[in-house]
Structure formats: C-alpha cells, structure tokens
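**Student:** Contents of work_15.pdb (PDB, C-alpha atoms) are below:
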MODEL        1
ATOM      1  CA  MET W  12      17.703 -91.345 -41.943
ATOM      2  CA  THR W  13      14.773 -89.632 -40.370
ATOM      3  CA  ARG W  14      13.197 -86.437 -41.589
ATOM      4  CA  ASP W  15      14.598 -84.719 -38.474
ATOM      5  CA  ASP W  16      18.122 -85.823 -39.390
ATOM      6  CA  TRP W  17      17.732 -84.333 -42.863
ATOM      7  CA  LEU W  18      16.248 -81.183 -41.354
ATOM      8  CA  GLU W  19      19.188 -80.805 -38.980
ATOM      9  CA  LEU W  20      21.675 -81.169 -41.841
ATOM     10  CA  THR W  21      19.625 -78.719 -43.922
ATOM     11  CA  VAL W  22      19.676 -76.151 -41.110
ATOM     12  CA  LEU W  23      23.467 -76.414 -40.917
ATOM     13  CA  GLU W  24      23.700 -75.897 -44.696
ATOM     14  CA  ARG W  25      21.422 -72.856 -44.405
ATOM     15  CA  LYS W  26      23.625 -71.384 -41.673
ATOM     16  CA  LYS W  27      26.664 -71.853 -43.923
ATOM     17  CA  TYR W  28      24.763 -70.158 -46.729
ATOM     18  CA  ASN W  29      23.881 -67.180 -44.506
ATOM     19  CA  TYR W  30      27.510 -66.710 -43.430
ATOM     20  CA  LEU W  31      28.581 -66.944 -47.067
ATOM     21  CA  VAL W  32      26.078 -64.218 -48.002
ATOM     22  CA  GLU W  33      27.599 -61.990 -45.320
ATOM     23  CA  LEU W  34      31.107 -62.836 -46.503
ATOM     24  CA  GLN W  35      30.139 -62.118 -50.113
ATOM     25  CA  ASP W  36      28.778 -58.708 -49.145
ATOM     26  CA  LEU W  37      31.894 -57.784 -47.160
ATOM     27  CA  THR W  38      34.170 -59.048 -49.933
ATOM     28  CA  GLY W  39      32.271 -56.928 -52.460
ATOM     29  CA  GLN W  40      32.678 -53.887 -50.225
ATOM     30  CA  LEU W  41      36.363 -54.731 -49.864
ATOM     31  CA  ALA W  42      36.763 -54.850 -53.656
ATOM     32  CA  GLU W  43      35.070 -51.447 -53.959
ATOM     33  CA  SER W  44      37.334 -50.000 -51.260
ATOM     34  CA  LEU W  45      40.373 -51.320 -53.108
ATOM     35  CA  ASP W  46      39.125 -49.705 -56.319
ATOM     36  CA  ARG W  47      38.805 -46.391 -54.467
ATOM     37  CA  ASN W  48      42.199 -46.934 -52.819
ATOM     38  CA  ASP W  49      40.488 -46.372 -49.439
ATOM     39  CA  GLN W  50      43.004 -48.018 -47.102
ATOM     40  CA  VAL W  51      41.037 -47.249 -43.936
ATOM     41  CA  SER W  52      37.983 -49.072 -45.273
ATOM     42  CA  VAL W  53      40.148 -51.902 -46.594
ATOM     43  CA  ARG W  54      41.640 -52.539 -43.151
ATOM     44  CA  MET W  55      38.237 -52.299 -41.497
ATOM     45  CA  LEU W  56      36.594 -54.698 -43.972
ATOM     46  CA  VAL W  57      39.422 -57.224 -43.756
ATOM     47  CA  ALA W  58      38.909 -57.277 -39.981
ATOM     48  CA  MET W  59      35.117 -57.505 -40.346
ATOM     49  CA  ARG W  60      35.429 -60.551 -42.613
ATOM     50  CA  GLN W  61      37.061 -62.533 -39.831
ATOM     51  CA  ASP W  62      33.800 -63.141 -37.944
ATOM     52  CA  PRO W  63      31.797 -64.724 -40.771
ATOM     53  CA  VAL W  64      34.848 -66.768 -41.809
ATOM     54  CA  ARG W  65      35.254 -68.059 -38.249
ATOM     55  CA  LEU W  66      31.532 -68.765 -37.871
ATOM     56  CA  LEU W  67      31.436 -70.473 -41.255
ATOM     57  CA  ALA W  68      34.289 -72.749 -40.176
ATOM     58  CA  GLU W  69      32.472 -73.561 -36.930
ATOM     59  CA  VAL W  70      29.244 -74.468 -38.728
ATOM     60  CA  ASP W  71      31.151 -76.503 -41.295
ATOM     61  CA  ASN W  72      32.855 -78.387 -38.470
ATOM     62  CA  SER W  73      29.478 -78.945 -36.766
ATOM     63  CA  GLY W  74      28.186 -80.445 -39.995
ATOM     64  CA  LYS W  75      31.181 -82.770 -40.246
ATOM     65  CA  VAL W  76      30.721 -83.857 -36.629
ATOM     66  CA  ARG W  77      27.003 -84.406 -37.201
ATOM     67  CA  ARG W  78      27.597 -86.467 -40.335
ATOM     68  CA  ALA W  79      30.308 -88.481 -38.549
ATOM     69  CA  ALA W  80      27.755 -89.375 -35.870
ATOM     70  CA  LEU W  81      25.473 -90.931 -38.476
ATOM     71  CA  SER W  82      25.425 -94.646 -39.115
ATOM     72  CA  GLU W  83      27.714 -95.880 -41.864
ATOM     73  CA  GLU W  84      24.700 -96.422 -44.110
ATOM     74  CA  ASP W  85      23.419 -92.866 -43.521
ATOM     75  CA  ARG W  86      26.875 -91.372 -44.147
ATOM     76  CA  ARG W  87      27.080 -93.327 -47.384
ATOM     77  CA  ARG W  88      23.594 -92.163 -48.404
ATOM     78  CA  THR W  89      24.468 -88.529 -47.672
ATOM     79  CA  GLY W  90      27.618 -88.830 -49.801
ATOM     80  CA  GLU W  91      25.712 -90.477 -52.639
ATOM     81  CA  LEU W  92      23.054 -87.791 -52.531
ATOM     82  CA  LEU W  93      25.613 -84.991 -52.717
ATOM     83  CA  LYS W  94      27.448 -86.665 -55.612
ATOM     84  CA  GLU W  95      24.577 -88.048 -57.647
ATOM     85  CA  GLY W  96      21.786 -85.618 -56.745
ATOM     86  CA  GLN W  97      18.965 -88.175 -56.766
ATOM     87  CA  PRO W  98      16.767 -87.551 -53.690
ATOM     88  CA  ARG W  99      14.393 -90.301 -52.594
ATOM     89  CA  ASP W 100      12.045 -88.183 -50.482
ATOM     90  CA  ASP W 101      11.227 -84.602 -49.480
ATOM     91  CA  GLY W 102      13.761 -84.507 -46.634
ATOM     92  CA  GLU W 103      16.564 -85.474 -48.983
ATOM     93  CA  ARG W 104      15.316 -83.102 -51.674
ATOM     94  CA  VAL W 105      15.246 -80.083 -49.348
ATOM     95  CA  PHE W 106      18.705 -80.913 -47.982
ATOM     96  CA  LEU W 107      20.134 -81.403 -51.467
ATOM     97  CA  GLU W 108      18.676 -78.145 -52.777
ATOM     98  CA  GLN W 109      20.158 -76.207 -49.856
ATOM     99  CA  ALA W 110      23.526 -77.961 -50.142
ATOM    100  CA  GLN W 111      23.689 -77.200 -53.874
ATOM    101  CA  LYS W 112      22.708 -73.578 -53.297
ATOM    102  CA  THR W 113      25.385 -73.274 -50.612
ATOM    103  CA  ARG W 114      27.995 -74.858 -52.873
ATOM    104  CA  ARG W 115      27.236 -72.465 -55.745
ATOM    105  CA  LEU W 116      27.520 -69.465 -53.434
ATOM    106  CA  LEU W 117      30.774 -70.795 -51.980
ATOM    107  CA  GLU W 118      32.224 -71.025 -55.486
ATOM    108  CA  GLN W 119      31.202 -67.410 -56.173
ATOM    109  CA  VAL W 120      32.692 -66.183 -52.899
ATOM    110  CA  VAL W 121      35.961 -68.033 -53.515
ATOM    111  CA  ALA W 122      36.224 -66.517 -57.011
ATOM    112  CA  MET W 123      35.549 -63.047 -55.626
ATOM    113  CA  ASP W 124      38.027 -63.588 -52.793
ATOM    114  CA  ARG W 125      40.656 -64.753 -55.282
ATOM    115  CA  ARG W 126      40.304 -61.535 -57.307
ATOM    116  CA  VAL W 127      40.483 -59.356 -54.196
ATOM    117  CA  SER W 128      43.427 -61.263 -52.779
ATOM    118  CA  MET W 129      45.369 -61.049 -56.037
ATOM    119  CA  LYS W 130      44.674 -57.321 -56.218
ATOM    120  CA  MET W 131      45.773 -56.779 -52.620
ATOM    121  CA  ALA W 132      48.776 -59.084 -52.436
ATOM    122  CA  GLY W 133      49.769 -59.878 -56.013
ATOM    123  CA  GLU W 134      52.486 -62.530 -55.997
ATOM    124  CA  ASN W 135      52.169 -62.829 -52.215
ATOM    125  CA  SER W 136      48.523 -63.825 -52.480
ATOM    126  CA  PHE W 137      47.330 -67.099 -51.017
ATOM    127  CA  TYR W 138      45.982 -67.873 -54.494
ATOM    128  CA  HIS W 139      49.190 -67.125 -56.405
ATOM    129  CA  LYS W 140      50.619 -70.259 -57.979
TER     130      LYS W 140
ENDMDL
END
Show this structure as structure tokens.

**Tutor:**
Amino acid sequence: MTRDDWLELTVLERKKYNYLVELQDLTGQLAESLDRNDQVSVRMLVAMRQDPVRLLAEVDNSGKVRRAALSEEDRRRTGELLKEGQPRDDGERVFLEQAQKTRRLLEQVVAMDRRVSMKMAGENSFYHK
C-alpha cells in the first residue's frame, strides 16, 4: 500500500474518533441530565446524539468501502496490522496508532452508553440480557 492509502485510512479513523468524542460528550451530558431528573434536557440530548451516531456510521461505512477496494494483499495486510500491531513503516504506524486510539474511545463510549441506557430503560434497554 502507498503512503497515501495509509493516510486516507488514517483520516477516516480520525473522523470516527472525532465523532466519538462528540458522542462521548453528549452521552456524559445525558447521564448528568438523568441524575438531575431533567427530562427536557434528556429528550434534547437523546435527539442531539443522533447526528454524531449517523455520521459515525457513514464514516465507518466509507472505511469499509475503502478497504474493500484495496487489493486482496492490502486488505490482508490491514487486517494483520490491526490484529498483530506490528507496523512496517511510518504510514502503517500512524494508521495503527489512530485506529487503536479510536478503538479505545469506542469502548469507553459503549460502556458509558450502556450505563445510560440501563438507567433510562432498565429491562427494556438494548443492553439488557
């Protein structure tokens, strides 16, 4: 893969990260509104979260489409890099660092969302087993 290919994938990861930061902030505000029992703010924040969730899904889909357009060898290398974390050059290293940073933030946002969802919906929560 060329350096430009890695850069393009890195930019998509950075966009995902930025939308996750926005989602994390709104989810934190939502949790605070729930603690205050401020139903007006809760409804407003739930609606506001829709945009970053939608945009995050669009960027994620763009990344999947972009990776699907790669050669089989490049797709395999991207998968190996994400699993094994052994970059061969600077382009791979920068992409991997951003992908790992995005993944860690995603895990934090999902955990926060789980707590908020369970508080809001209890047994009717998406996360309830």

**Student:** Give as a PyMOL selection string the residues that the PyMOL selection byres ((chain W and resi 15) around 12) matches when applied to the coordinates above.

**Tutor:** chain W and resi 12-14+16-22+101-103+105-106

**Student:** Please, what distance in Å, to one decimal, runs between CA of Gln61 (chain W) and CA of Thr113 (chain W)?

**Tutor:**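 Computing the Euclidean distance for CA of Gln61 (chain W) and CA of Thr113 (chain W) yields 19.2 Å.
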
**Student:** Separation of CA of Arg78 (chain W) and CA of Arg99 (chain W), in Å?

**Tutor:**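 That distance, rounded to one decimal, is 18.4 Å.
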
**Student:** Neighbours of region 37-45 of chain W within 7 Å (all atoms listed in the file; same-chain residues fewer than 2 positions away dropped), as a list in words?

**Tutor:**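 Residues near the query, excluding close chain neighbours: Glu33, Leu34, Gln35, Arg47, Asn48, Asp49, Ser52, Val53, Leu56, Arg60, Asp124 and Val127 of chain W.
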
**Student:** For Leu107 (chain W), work out the shell of residues within 8 Å, counting only C-alpha atoms and skipping chain neighbours fewer than 4 positions away, then give it as a list in words.

**Tutor:** Leu92, Leu93, Gly96, Pro98, Glu103 and Gln111 of chain W
